[in-house]
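Participant: One file: input.txt (compact mmCIF, C-alpha atoms (C1' of nucleotides)).
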# COMPACT_ATOMS: atom_id res chain seq x y z
CA MET A 316 0.00 0.00 0.00
CA ASP A 317 1.44 3.30 -1.03
CA ILE A 318 -0.80 5.26 1.29
CA ARG A 319 0.41 3.39 4.36
CA GLU A 320 4.03 4.21 3.52
CA ARG A 321 3.17 7.85 2.95
CA LEU A 322 1.38 8.04 6.29
CA LEU A 323 4.26 6.37 8.12
CA GLY A 324 6.79 8.76 6.63
CA ALA A 325 4.61 11.78 7.33
CA ALA A 326 4.06 10.65 10.92
CA ALA A 327 7.79 10.34 11.56
CA GLN A 328 8.48 13.71 9.95
CA VAL A 329 5.74 15.60 11.79
CA TYR A 330 6.72 13.89 15.04
CA ALA A 331 10.31 15.05 14.56
CA GLU A 332 9.05 18.59 14.04
CA ALA A 333 6.40 18.85 16.73
CA GLY A 334 6.66 15.88 19.13
CA TYR A 335 3.91 13.48 20.09
CA ARG A 336 1.36 16.01 21.26
CA GLY A 337 2.13 18.35 18.39
CA ALA A 338 1.86 15.61 15.78
CA THR A 339 -1.89 15.87 15.31
CA THR A 340 -3.68 13.39 13.11
CA ARG A 341 -4.92 16.26 10.96
CA ARG A 342 -1.37 17.51 10.34
CA ILE A 343 -0.02 14.04 9.59
CA ALA A 344 -2.84 13.31 7.14
CA HIS A 345 -2.33 16.66 5.43
CA GLU A 346 1.42 16.07 5.19
CA ALA A 347 0.76 12.64 3.63
CA GLY A 348 -1.76 14.13 1.21
CA VAL A 349 -4.64 11.94 2.36
CA SER A 350 -7.72 12.58 4.42
CA GLU A 351 -7.78 12.20 8.18
CA ILE A 352 -10.41 9.47 7.89
CA THR A 353 -8.07 7.32 5.83
CA LEU A 354 -5.48 7.58 8.58
CA PHE A 355 -7.87 6.14 11.15
CA ARG A 356 -9.15 3.49 8.75
CA GLN A 357 -5.57 2.36 8.06
CA PHE A 358 -4.10 2.41 11.54
CA GLY A 359 -7.05 2.51 13.92
CA SER A 360 -5.56 5.05 16.31
CA LYS A 361 -2.89 7.71 16.52
CA GLU A 362 -0.90 5.63 18.98
CA ALA A 363 -0.74 2.61 16.66
CA LEU A 364 0.39 4.80 13.78
CA MET A 365 3.09 6.54 15.81
CA LEU A 366 4.52 3.32 17.24
CA GLU A 367 4.79 1.76 13.79
CA ALA A 368 6.25 4.95 12.30
CA LEU A 369 8.89 5.36 15.01
CA THR A 370 9.86 1.71 14.90
CA ALA A 371 10.42 2.03 11.16
CA ALA A 372 12.25 5.37 11.46
CA SER A 373 14.69 4.10 14.11
CA ARG A 374 15.64 1.10 11.98
CA THR A 375 18.85 2.78 10.79
CA ALA A 376 21.92 0.79 9.89
CA VAL A 377 24.66 0.66 12.52
CA LEU A 378 28.09 1.24 11.03
CA ALA A 379 30.61 -1.50 11.66
CA LEU A 380 34.32 -1.29 12.41
CA PRO A 381 36.76 -3.78 10.88
CA ASP A 382 37.36 -6.93 12.88
CA VAL A 383 41.09 -6.60 12.26
CA PRO A 384 42.38 -3.04 12.77
CA ALA A 385 44.69 -1.97 9.97
CA ASN A 386 44.75 1.82 9.94
CA PRO A 387 43.18 3.15 13.17
CA VAL A 388 43.25 6.82 12.15
CA ARG A 389 41.48 6.21 8.87
CA GLU A 390 39.07 3.60 10.19
CA LEU A 391 38.09 5.58 13.25
CA THR A 392 37.72 8.81 11.29
CA GLU A 393 35.42 7.20 8.75
CA TRP A 394 33.39 5.49 11.44
CA SER A 395 33.08 8.67 13.50
CA ARG A 396 32.01 10.69 10.47
CA GLY A 397 29.33 8.14 9.64
CA ARG A 398 28.19 8.03 13.24
CA PHE A 399 27.89 11.81 13.37
CA GLU A 400 26.01 12.01 10.09
CA THR A 401 23.53 9.37 11.21
CA LEU A 402 22.86 11.13 14.50
CA PHE A 403 22.78 14.59 12.93
CA ARG A 404 20.27 13.52 10.29
CA ILE A 405 17.77 12.25 12.85
CA ARG A 406 18.66 14.77 15.55
CA SER A 407 15.19 16.33 15.69
CA LEU A 408 13.47 12.98 16.06
CA LEU A 409 16.08 11.89 18.60
CA ARG A 410 15.56 14.99 20.71
CA LYS A 411 11.81 14.36 20.79
CA VAL A 412 12.25 10.71 21.71
CA MET A 413 14.63 11.61 24.53
CA SER A 414 12.28 14.29 25.76
CA GLU A 415 9.21 12.08 25.78
CA ALA A 416 10.75 8.80 26.87
CA GLU A 417 9.85 9.46 30.51
CA GLU A 418 6.20 10.00 29.69
CA HIS A 419 5.86 7.35 26.97
CA PRO A 420 8.36 4.56 27.72
CA GLU A 421 6.96 2.47 24.87
CA ILE A 422 8.38 5.01 22.44
CA ILE A 423 11.95 4.37 23.51
CA ASP A 424 11.28 0.64 23.58
CA CYS A 425 10.54 0.58 19.86
CA ALA A 426 13.50 2.88 19.24
CA LYS A 427 15.73 0.46 21.13
CA SER A 428 15.26 -2.21 18.47
CA TYR A 429 18.99 -1.83 17.89
CA PRO A 430 20.51 -5.31 18.10
CA ARG A 431 23.74 -3.78 19.40
CA HIS A 432 24.58 -0.27 20.44
CA PRO A 433 27.28 1.45 18.35
CA VAL A 434 29.37 2.00 21.46
CA ASN A 435 29.82 -1.80 21.69
CA PHE A 436 31.41 -1.87 18.23
CA LEU A 437 33.94 0.75 19.25
CA GLU A 438 34.61 -1.03 22.54
CA GLN A 439 35.41 -4.24 20.67
CA TYR A 440 37.67 -2.32 18.30
CA VAL A 441 39.64 -0.91 21.21
CA ARG A 442 40.03 -4.40 22.64
CA ARG A 443 41.46 -5.57 19.33
CA LEU A 444 43.92 -2.66 19.37
CA GLN A 445 45.01 -3.75 22.83
CA GLU A 446 45.46 -7.36 21.69
CA ARG A 447 47.74 -6.20 18.90
CA GLY A 448 49.73 -4.08 21.31
CA TRP A 449 48.63 -0.85 19.65
CA ALA A 450 46.83 0.49 22.68
CA ALA A 451 47.84 0.75 26.31
CA GLU A 452 46.81 -2.12 28.54
CA ASP A 453 45.56 0.13 31.35
CA THR A 454 42.85 1.83 29.32
CA ASP A 455 39.23 0.79 29.88
CA PRO A 456 37.79 -0.02 26.43
CA LYS A 457 34.23 0.62 27.57
CA LEU A 458 35.03 4.04 28.99
CA ALA A 459 37.18 5.02 26.04
CA ALA A 460 34.42 4.10 23.62
CA ALA A 461 31.86 5.98 25.70
CA MET A 462 34.02 9.11 25.64
CA LEU A 463 34.38 9.27 21.85
CA VAL A 464 30.78 8.27 21.16
CA GLY A 465 29.58 10.75 23.77
CA ALA A 466 31.56 13.60 22.26
CA ILE A 467 30.15 12.81 18.81
CA PHE A 468 26.64 12.54 20.23
CA SER A 469 26.96 15.95 21.86
CA GLU A 470 28.13 17.50 18.61
CA ALA A 471 25.12 16.08 16.77
CA MET A 472 22.64 17.20 19.42
CA VAL A 473 23.91 20.63 20.43
CA ARG A 474 25.88 21.88 17.42
CA ASP A 475 22.94 23.55 15.67
CA MET A 476 21.49 24.92 18.90
CA ILE A 477 24.48 26.80 20.35
CA PRO A 478 26.45 27.73 17.23
CA GLU A 479 28.48 30.34 19.13
CA VAL A 480 30.10 27.55 21.17
CA TYR A 481 30.61 25.01 18.42
CA SER A 482 32.31 27.42 16.05
CA TYR A 483 34.74 25.05 14.34
CA ALA A 484 33.97 22.87 11.33
CA ILE A 485 32.61 19.42 12.10
CA ASP A 486 35.23 17.60 10.03
CA ASP A 487 38.03 19.34 11.92
CA ALA A 488 36.31 18.45 15.17
CA ILE A 489 36.08 14.76 14.32
CA ASP A 490 39.69 14.67 13.18
CA GLY A 491 40.69 16.23 16.47
CA TYR A 492 38.51 13.88 18.49
CA VAL A 493 40.03 10.83 16.78
CA ARG A 494 43.56 12.10 17.31
CA MET A 495 42.91 12.83 20.98
CA PHE A 496 41.09 9.52 21.39
CA LEU A 497 44.08 7.59 20.07
CA ARG A 498 46.43 9.48 22.35
CA ALA A 499 44.08 8.86 25.26
CA ILE A 500 44.14 5.09 24.76
CA GLY A 501 47.90 5.11 24.25
CA CYS A 502 47.94 4.46 20.52
CA ASP A 503 50.92 6.34 19.14
CA ALA A 504 50.90 8.08 15.79
CA ARG A 505 53.21 5.64 14.01
CA SER A 506 51.16 2.48 14.44
CA ALA A 507 47.94 4.44 14.08
CA GLU A 508 48.90 6.04 10.77
CA ALA A 509 50.85 3.25 9.13
CA GLY A 510 48.93 0.31 10.47
CA ALA A 511 49.88 -3.15 9.29
CA SER A 512 51.64 -1.85 6.20
CA MET B 735 4.73 37.32 46.99
CA ASP B 736 4.97 33.71 48.09
CA ILE B 737 2.37 32.59 45.59
CA ARG B 738 4.36 33.89 42.61
CA GLU B 739 7.41 31.87 43.70
CA ARG B 740 5.32 28.76 44.18
CA LEU B 741 3.81 29.14 40.73
CA LEU B 742 7.21 29.69 39.12
CA GLY B 743 8.65 26.60 40.78
CA ALA B 744 5.65 24.49 39.89
CA ALA B 745 5.76 25.69 36.29
CA ALA B 746 9.42 24.67 35.92
CA GLN B 747 8.81 21.30 37.55
CA VAL B 748 5.72 20.44 35.51
CA TYR B 749 7.46 21.64 32.34
CA ALA B 750 10.38 19.33 33.08
CA GLU B 751 7.93 16.44 33.47
CA ALA B 752 5.58 17.06 30.58
CA GLY B 753 7.00 19.73 28.24
CA TYR B 754 5.32 22.92 27.11
CA ARG B 755 2.16 21.40 25.73
CA GLY B 756 1.86 18.98 28.61
CA ALA B 757 2.37 21.69 31.23
CA THR B 758 -1.27 22.73 31.43
CA THR B 759 -2.24 25.72 33.52
CA ARG B 760 -4.55 23.48 35.53
CA ARG B 761 -1.71 21.11 36.40
CA ILE B 762 0.70 23.92 37.28
CA ALA B 763 -1.87 25.61 39.52
CA HIS B 764 -2.68 22.31 41.25
CA GLU B 765 1.04 21.60 41.76
CA ALA B 766 1.48 25.06 43.30
CA GLY B 767 -1.56 24.56 45.50
CA VAL B 768 -3.43 27.59 44.15
CA SER B 769 -6.40 27.99 41.86
CA GLU B 770 -6.05 28.30 38.11
CA ILE B 771 -7.61 31.77 38.21
CA THR B 772 -4.87 33.04 40.48
CA LEU B 773 -2.31 31.87 37.94
CA PHE B 774 -3.88 34.01 35.23
CA ARG B 775 -4.34 36.98 37.54
CA GLN B 776 -0.65 36.82 38.50
CA PHE B 777 0.96 36.21 35.12
CA GLY B 778 -1.67 37.06 32.51
CA SER B 779 -0.96 34.12 30.22
CA LYS B 780 0.66 30.71 30.20
CA GLU B 781 3.43 31.95 27.91
CA ALA B 782 4.44 34.78 30.26
CA LEU B 783 4.53 32.37 33.20
CA MET B 784 6.61 29.79 31.36
CA LEU B 785 9.17 32.30 30.08
CA GLU B 786 9.69 33.73 33.55
CA ALA B 787 9.87 30.26 35.11
CA LEU B 788 12.39 28.91 32.61
CA THR B 789 14.57 32.01 32.84
CA ALA B 790 14.70 31.57 36.60
CA ALA B 791 15.28 27.80 36.41
CA SER B 792 18.18 28.09 33.97
CA ARG B 793 19.99 30.57 36.22
CA THR B 794 22.27 27.90 37.64
CA ALA B 795 25.75 28.67 38.85
CA VAL B 796 28.55 27.78 36.45
CA LEU B 797 31.45 26.09 38.20
CA ALA B 798 34.81 27.75 37.82
CA LEU B 799 38.28 26.25 37.36
CA PRO B 800 41.28 27.77 39.11
CA ASP B 801 43.11 30.47 37.20
CA VAL B 802 46.41 28.87 38.11
CA PRO B 803 46.42 25.08 37.66
CA ALA B 804 47.99 23.31 40.63
CA ASN B 805 46.71 19.73 40.61
CA PRO B 806 45.04 19.00 37.26
CA VAL B 807 43.75 15.56 38.20
CA ARG B 808 42.05 16.78 41.35
CA GLU B 809 40.81 20.05 39.88
CA LEU B 810 39.46 18.47 36.72
CA THR B 811 37.83 15.61 38.60
CA GLU B 812 36.04 17.97 40.96
CA TRP B 813 34.96 20.25 38.14
CA SER B 814 33.72 17.34 36.02
CA ARG B 815 31.78 15.86 38.92
CA GLY B 816 30.10 19.19 39.58
CA ARG B 817 29.36 19.64 35.91
CA PHE B 818 27.78 16.21 35.69
CA GLU B 819 25.69 16.73 38.80
CA THR B 820 24.39 20.05 37.51
CA LEU B 821 23.42 18.58 34.16
CA PHE B 822 22.01 15.40 35.69
CA ARG B 823 19.84 17.32 38.11
CA ILE B 824 18.15 19.34 35.37
CA ARG B 825 18.31 16.62 32.73
CA SER B 826 14.55 16.38 32.31
CA LEU B 827 14.14 20.11 31.84
CA LEU B 828 17.14 20.20 29.52
CA ARG B 829 15.74 17.44 27.34
CA LYS B 830 12.47 19.33 27.00
CA VAL B 831 14.20 22.60 26.14
CA MET B 832 16.35 20.88 23.51
CA SER B 833 13.31 19.17 22.07
CA GLU B 834 11.21 22.32 21.84
CA ALA B 835 13.86 24.84 20.90
CA GLU B 836 13.07 24.50 17.20
CA GLU B 837 9.41 25.26 17.74
CA HIS B 838 9.81 27.91 20.45
CA PRO B 839 13.17 29.64 19.94
CA GLU B 840 12.36 32.13 22.69
CA ILE B 841 12.64 29.28 25.20
CA ILE B 842 16.28 28.63 24.41
CA ASP B 843 16.95 32.36 24.34
CA CYS B 844 15.98 32.72 27.98
CA ALA B 845 17.89 29.54 28.81
CA LYS B 846 21.00 30.98 27.14
CA SER B 847 21.26 33.69 29.79
CA TYR B 848 24.57 32.03 30.67
CA PRO B 849 27.22 34.75 30.63
CA ARG B 850 29.79 32.16 29.57
CA HIS B 851 29.44 28.57 28.56
CA PRO B 852 31.20 26.07 30.83
CA VAL B 853 33.20 24.76 27.89
CA ASN B 854 34.96 28.13 27.76
CA PHE B 855 36.19 27.74 31.33
CA LEU B 856 37.72 24.38 30.49
CA GLU B 857 39.24 25.75 27.29
CA GLN B 858 40.96 28.50 29.25
CA TYR B 859 42.20 25.96 31.77
CA VAL B 860 43.81 23.89 28.99
CA ARG B 861 45.51 27.03 27.66
CA ARG B 862 46.98 27.66 31.10
CA LEU B 863 48.24 24.09 31.21
CA GLN B 864 49.94 24.67 27.86
CA GLU B 865 51.51 27.93 29.07
CA ARG B 866 53.02 26.09 32.02
CA GLY B 867 54.33 23.36 29.75
CA TRP B 868 52.04 20.75 31.29
CA ALA B 869 50.13 20.06 28.09
CA ALA B 870 51.28 19.41 24.54
CA GLU B 871 51.48 22.43 22.27
CA ASP B 872 49.76 20.71 19.35
CA THR B 873 46.48 20.10 21.15
CA ASP B 874 43.52 22.33 20.30
CA PRO B 875 42.17 23.63 23.65
CA LYS B 876 38.73 24.27 22.21
CA LEU B 877 38.39 20.76 20.81
CA ALA B 878 39.83 19.13 23.91
CA ALA B 879 37.36 21.00 26.10
CA ALA B 880 34.47 20.09 23.80
CA MET B 881 35.39 16.42 23.98
CA LEU B 882 35.38 16.18 27.78
CA VAL B 883 32.32 18.39 28.20
CA GLY B 884 30.54 16.46 25.47
CA ALA B 885 31.26 13.13 27.09
CA ILE B 886 29.95 14.40 30.43
CA PHE B 887 26.89 15.85 28.72
CA SER B 888 26.13 12.52 27.09
CA GLU B 889 26.42 10.71 30.40
CA ALA B 890 23.96 13.12 32.00
CA MET B 891 21.47 12.89 29.15
CA VAL B 892 21.55 9.23 28.20
CA ARG B 893 22.71 7.40 31.34
CA ASP B 894 19.25 6.90 32.83
CA MET B 895 17.66 6.09 29.47
CA ILE B 896 19.91 3.24 28.24
CA PRO B 897 21.18 1.74 31.49
CA GLU B 898 22.31 -1.45 29.74
CA VAL B 899 24.96 0.55 27.86
CA TYR B 900 26.10 2.79 30.68
CA SER B 901 26.66 -0.03 33.15
CA TYR B 902 29.63 1.39 35.06
CA ALA B 903 29.43 3.75 38.04
CA ILE B 904 29.42 7.43 37.21
CA ASP B 905 32.33 8.26 39.52
CA ASP B 906 34.49 5.64 37.84
CA ALA B 907 33.46 7.02 34.47
CA ILE B 908 34.46 10.57 35.37
CA ASP B 909 37.79 9.41 36.80
CA GLY B 910 38.43 7.55 33.56
CA TYR B 911 37.37 10.49 31.41
CA VAL B 912 39.71 12.85 33.27
CA ARG B 913 42.61 10.41 33.01
CA MET B 914 42.05 9.90 29.27
CA PHE B 915 41.53 13.62 28.78
CA LEU B 916 44.88 14.40 30.36
CA ARG B 917 46.62 11.78 28.25
CA ALA B 918 44.87 13.14 25.17
CA ILE B 919 46.20 16.66 25.74
CA GLY B 920 49.67 15.35 26.55
CA CYS B 921 49.62 16.02 30.28
CA ASP B 922 51.62 13.20 31.85
CA ALA B 923 50.76 11.64 35.18
CA ARG B 924 53.65 13.14 37.15
CA SER B 925 52.87 16.79 36.61
CA ALA B 926 49.14 16.08 36.71
CA GLU B 927 49.21 14.30 40.05
CA ALA B 928 51.84 16.24 41.89
CA GLY B 929 51.18 19.66 40.45
CA ALA B 930 53.25 22.56 41.73
CA SER B 931 54.18 20.79 44.93
C1' DT C 376 -23.95 -4.87 -15.03
C1' DC C 377 -23.38 -5.82 -10.30
C1' DT C 378 -20.60 -5.86 -6.13
C1' DG C 379 -17.13 -4.99 -3.17
C1' DT C 380 -13.22 -2.28 -1.62
C1' DG C 381 -10.89 1.86 -0.76
C1' DT C 382 -11.18 6.63 -0.76
C1' DG C 383 -13.24 11.32 -0.23
C1' DT C 384 -16.44 15.10 2.00
C1' DA C 385 -19.51 16.76 5.60
C1' DA C 386 -20.85 16.77 9.95
C1' DG C 387 -20.61 15.80 14.62
C1' DT C 388 -19.13 13.28 19.11
C1' DG C 389 -17.13 13.95 23.77
C1' DG C 390 -13.05 15.53 25.97
C1' DT C 391 -9.45 18.99 26.94
C1' DT C 392 -7.27 23.41 26.40
C1' DA C 393 -6.33 28.50 27.56
C1' DC C 394 -8.75 31.96 29.36
C1' DT C 395 -12.96 34.80 31.21
C1' DT C 396 -16.98 36.40 34.09
C1' DG C 397 -19.68 36.83 38.37
C1' DC C 398 -19.84 36.31 43.02
C1' DA C 399 -18.65 34.69 47.65
C1' DT C 400 -14.89 34.58 51.12
C1' DC C 401 -10.94 35.62 53.81
C1' DG C 402 -7.50 38.50 56.15
C1' DC C 403 -5.93 42.83 57.43
C1' DG C 404 -5.42 47.81 58.21
C1' DA C 405 -8.11 52.01 59.44
C1' DT D 1209 -16.85 47.85 62.29
C1' DC D 1210 -15.91 49.04 57.59
C1' DG D 1211 -13.56 48.70 53.36
C1' DC D 1212 -10.37 46.64 50.27
C1' DG D 1213 -7.37 43.74 47.93
C1' DA D 1214 -6.24 39.02 47.11
C1' DT D 1215 -8.03 34.58 46.65
C1' DG D 1216 -11.31 30.76 45.66
C1' DC D 1217 -15.45 28.51 43.44
C1' DA D 1218 -18.85 27.72 39.75
C1' DA D 1219 -19.73 28.19 35.33
C1' DG D 1220 -18.91 29.20 30.73
C1' DT D 1221 -16.42 30.50 26.21
C1' DA D 1222 -14.21 29.39 21.82
C1' DA D 1223 -10.84 26.56 19.99
C1' DC D 1224 -8.68 22.28 19.33
C1' DC D 1225 -8.06 17.33 20.03
C1' DA D 1226 -8.81 12.10 18.69
C1' DC D 1227 -12.18 9.69 16.70
C1' DT D 1228 -16.94 8.39 14.55
C1' DT D 1229 -21.05 8.20 11.51
C1' DA D 1230 -23.37 8.77 7.11
C1' DC D 1231 -23.11 9.09 2.42
C1' DA D 1232 -21.11 9.75 -2.30
C1' DC D 1233 -17.65 8.41 -5.77
C1' DA D 1234 -14.27 5.78 -8.36
C1' DC D 1235 -12.50 1.66 -9.86
C1' DA D 1236 -11.60 -3.34 -10.33
C1' DG D 1237 -13.09 -8.13 -10.86
C1' DA D 1238 -17.12 -11.28 -11.62
Produce structure tokens that represent the structure in this file.
Facilitator:
Amino acid sequence: MDIRERLLGAAAQVYAEAGYRGATTRRIAHEAGVSEITLFRQFGSKEALMLEALTAASRTAVLALPDVPANPVRELTEWSRGRFETLFRIRSLLRKVMSEAEEHPEIIDCAKSYPRHPVNFLEQYVRRLQERGWAAEDTDPKLAAAMLVGAIFSEAMVRDMIPEVYSYAIDDAIDGYVRMFLRAIGCDARSAEAGAS
Amino acid sequence: MDIRERLLGAAAQVYAEAGYRGATTRRIAHEAGVSEITLFRQFGSKEALMLEALTAASRTAVLALPDVPANPVRELTEWSRGRFETLFRIRSLLRKVMSEAEEHPEIIDCAKSYPRHPVNFLEQYVRRLQERGWAAEDTDPKLAAAMLVGAIFSEAMVRDMIPEVYSYAIDDAIDGYVRMFLRAIGCDARSAEAGAS
DNA sequence: TCTGTGTGTAAGTGGTTACTTGCATCGCGA
DNA sequence: TCGCGATGCAAGTAACCACTTACACACAGA
């Protein structure tokens, strides 16, 4: 059904703009180009529509990191860029979900359909660096991963809201984060740049 | 007027729980223990009440860092703990403000009554470390500050929403963040621990 | 041609919202 | 005791919300 898809997309978009209470059935139907009656005939209720729309919208691919680290600087930079772009693209929807998760826990449940959180991928990657002797033994992989992912998350959430603080370019920021991250986990520039070559 | 203060506090609390649309005048008045009519007689409209309440609620003290670094590990740990506690305490209100800033820009305007953003304090502190020769010259103070502040921000925002990811204790996390931060900016353990002593 | 099936319009349901009006009540100073 | 300002209660307004009913139309298969 084409109309179902249109309604699901419109619901996710209007929800990202206005939140649950602001996403009125009238506005969603208008955005989808169908009548409000059709919305109710297709989904029964606003709640059913929103749950299905948010579940579909949060089904975004999680970027992977190589199982065998070869060039940490390049691999981490690419992964961090992709992570930022994913978060930045859905930042409005994410802010609404975070804001309304306390009131409507079922919303975050359907958004948590992630099989694995991205921070786990990075944690595993750091462990592999340690196994190869490219990272210091005394660094906590979980904490290190949380620091880099957290910094990227903050950029994606706050960057467009307080531009006077985040004045630098995002690509420069990610390069700097990766460089500092590698220094923080004790991965020196030589092995990080050259890798297995 | 005691009643004005009660209404302002109730407005901020209900807003943090339910957002702008969910913070109904009836609920705010009930929370303050006064009648809804008194609310309108005191503030005229819901919008006037909310703007005044959010301006007052966002007037939270910004922690300072010493002008002259003496013991970076201790000073940064204390500052980071305070920063986390501040953010964690108002996390619900902050999530609502972030979520509704696109729709109601005037809300974030009154919340941005900060004279200086905390990240600027940390940036200055890193510069002082560099001047003393305690931090590497090639680190970008602005980026380094953004990374630590961003990681703390993420902990405060997401920690209670995805507990299965943030499994460690917050104090351990902050200790780890500070240690990695100092390694990232090239501040070795000796000067960081001992300081000027 | 008939018969569903899916869609549209028009109208209306009951509930909630911000906000108002009229009047009674309370406390407090003169 | 009187007056007055602040408050509360009852009721109501117009607008908006999710959701429903009734009916017309368009199209596809039999």
Participant: Choose the residue, out of D:DA1236, D:DC1217, D:DC1231, D:DA1222, that has the smallest atom-to-atom separation from chain B; count all atoms listed in the file.
Facilitator: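 Ranking D:DA1236, D:DC1217, D:DC1231, D:DA1222 by distance to chain B, first place goes to D:DC1217.
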Participant: Enter the distance from CA of Ala870 in chain B to CA of Arg498 in chain A, in Å, rounded to one decimal.
Facilitator: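 CA of Ala870 in chain B sits 11.3 Å away from CA of Arg498 in chain A.
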Participant: As an exercise, work out the distance from C1' of DC1233 in chain D to CA of Arg319 in chain A in Å and give it to one decimal place.
Facilitator: 21.3 Å
Participant: Report the distance between CA of Pro384 in chain A and CA of Tyr440 in chain A in Å, rounded to one decimal place.
Facilitator: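 Going from CA of Pro384 in chain A over to CA of Tyr440 in chain A covers 7.3 Å.
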Participant: List the spatial neighbours of DC1225 in chain D as a PyMOL selection string - criterion: any atom at most 9 Å away, only C-alpha atoms (C1' of nucleotides), same-chain residues fewer than 4 positions off excluded.
Facilitator: (chain A and resi 339) or (chain C and resi 390-392)
Participant: Some atoms are missing, so please complete range 469-488 of chain A with N, CA and C atoms and return it as a PDB file, keeping the file's coordinate frame.
Facilitator:
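The new file rebuild02.pdb reads:
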ATOM      1  N   SER A 469      27.190  14.562  21.453  1.00  0.00           N
ATOM      2  CA  SER A 469      26.960  15.950  21.860  1.00  0.00           C
ATOM      3  C   SER A 469      27.042  16.892  20.669  1.00  0.00           C
ATOM      4  N   GLU A 470      28.021  16.657  19.802  1.00  0.00           N
ATOM      5  CA  GLU A 470      28.130  17.500  18.610  1.00  0.00           C
ATOM      6  C   GLU A 470      26.838  17.443  17.805  1.00  0.00           C
ATOM      7  N   ALA A 471      26.318  16.238  17.598  1.00  0.00           N
ATOM      8  CA  ALA A 471      25.120  16.080  16.770  1.00  0.00           C
ATOM      9  C   ALA A 471      23.898  16.714  17.423  1.00  0.00           C
ATOM     10  N   MET A 472      23.835  16.690  18.742  1.00  0.00           N
ATOM     11  CA  MET A 472      22.640  17.200  19.420  1.00  0.00           C
ATOM     12  C   MET A 472      22.676  18.704  19.611  1.00  0.00           C
ATOM     13  N   VAL A 473      23.849  19.246  19.956  1.00  0.00           N
ATOM     14  CA  VAL A 473      23.910  20.630  20.430  1.00  0.00           C
ATOM     15  C   VAL A 473      24.433  21.575  19.372  1.00  0.00           C
ATOM     16  N   ARG A 474      25.176  21.041  18.395  1.00  0.00           N
ATOM     17  CA  ARG A 474      25.880  21.880  17.420  1.00  0.00           C
ATOM     18  C   ARG A 474      24.984  22.956  16.793  1.00  0.00           C
ATOM     19  N   ASP A 475      23.781  22.571  16.366  1.00  0.00           N
ATOM     20  CA  ASP A 475      22.940  23.550  15.670  1.00  0.00           C
ATOM     21  C   ASP A 475      22.112  24.386  16.644  1.00  0.00           C
ATOM     22  N   MET A 476      22.278  24.141  17.949  1.00  0.00           N
ATOM     23  CA  MET A 476      21.490  24.920  18.900  1.00  0.00           C
ATOM     24  C   MET A 476      22.311  26.006  19.574  1.00  0.00           C
ATOM     25  N   ILE A 477      23.605  25.775  19.754  1.00  0.00           N
ATOM     26  CA  ILE A 477      24.480  26.800  20.350  1.00  0.00           C
ATOM     27  C   ILE A 477      25.632  27.014  19.389  1.00  0.00           C
ATOM     28  N   PRO A 478      25.376  27.605  18.226  1.00  0.00           N
ATOM     29  CA  PRO A 478      26.450  27.730  17.230  1.00  0.00           C
ATOM     30  C   PRO A 478      27.617  28.566  17.727  1.00  0.00           C
ATOM     31  N   GLU A 479      27.373  29.483  18.671  1.00  0.00           N
ATOM     32  CA  GLU A 479      28.480  30.340  19.130  1.00  0.00           C
ATOM     33  C   GLU A 479      29.490  29.556  19.952  1.00  0.00           C
ATOM     34  N   VAL A 480      29.133  28.373  20.441  1.00  0.00           N
ATOM     35  CA  VAL A 480      30.100  27.550  21.170  1.00  0.00           C
ATOM     36  C   VAL A 480      30.816  26.611  20.210  1.00  0.00           C
ATOM     37  N   TYR A 481      30.023  25.947  19.379  1.00  0.00           N
ATOM     38  CA  TYR A 481      30.610  25.010  18.420  1.00  0.00           C
ATOM     39  C   TYR A 481      30.924  25.760  17.134  1.00  0.00           C
ATOM     40  N   SER A 482      32.015  26.527  17.168  1.00  0.00           N
ATOM     41  CA  SER A 482      32.310  27.420  16.050  1.00  0.00           C
ATOM     42  C   SER A 482      33.121  26.731  14.961  1.00  0.00           C
ATOM     43  N   TYR A 483      33.858  25.701  15.308  1.00  0.00           N
ATOM     44  CA  TYR A 483      34.740  25.050  14.340  1.00  0.00           C
ATOM     45  C   TYR A 483      33.950  24.189  13.372  1.00  0.00           C
ATOM     46  N   ALA A 484      34.618  23.748  12.301  1.00  0.00           N
ATOM     47  CA  ALA A 484      33.970  22.870  11.330  1.00  0.00           C
ATOM     48  C   ALA A 484      33.878  21.462  11.900  1.00  0.00           C
ATOM     49  N   ILE A 485      32.840  20.745  11.504  1.00  0.00           N
ATOM     50  CA  ILE A 485      32.610  19.420  12.100  1.00  0.00           C
ATOM     51  C   ILE A 485      33.696  18.435  11.685  1.00  0.00           C
ATOM     52  N   ASP A 486      34.187  18.543  10.458  1.00  0.00           N
ATOM     53  CA  ASP A 486      35.230  17.600  10.030  1.00  0.00           C
ATOM     54  C   ASP A 486      36.511  17.810  10.835  1.00  0.00           C
ATOM     55  N   ASP A 487      36.864  19.080  11.078  1.00  0.00           N
ATOM     56  CA  ASP A 487      38.030  19.340  11.920  1.00  0.00           C
ATOM     57  C   ASP A 487      37.811  18.784  13.326  1.00  0.00           C
ATOM     58  N   ALA A 488      36.590  18.947  13.826  1.00  0.00           N
ATOM     59  CA  ALA A 488      36.310  18.450  15.170  1.00  0.00           C
ATOM     60  C   ALA A 488      36.492  16.943  15.241  1.00  0.00           C
TER      61      ALA A 488
END
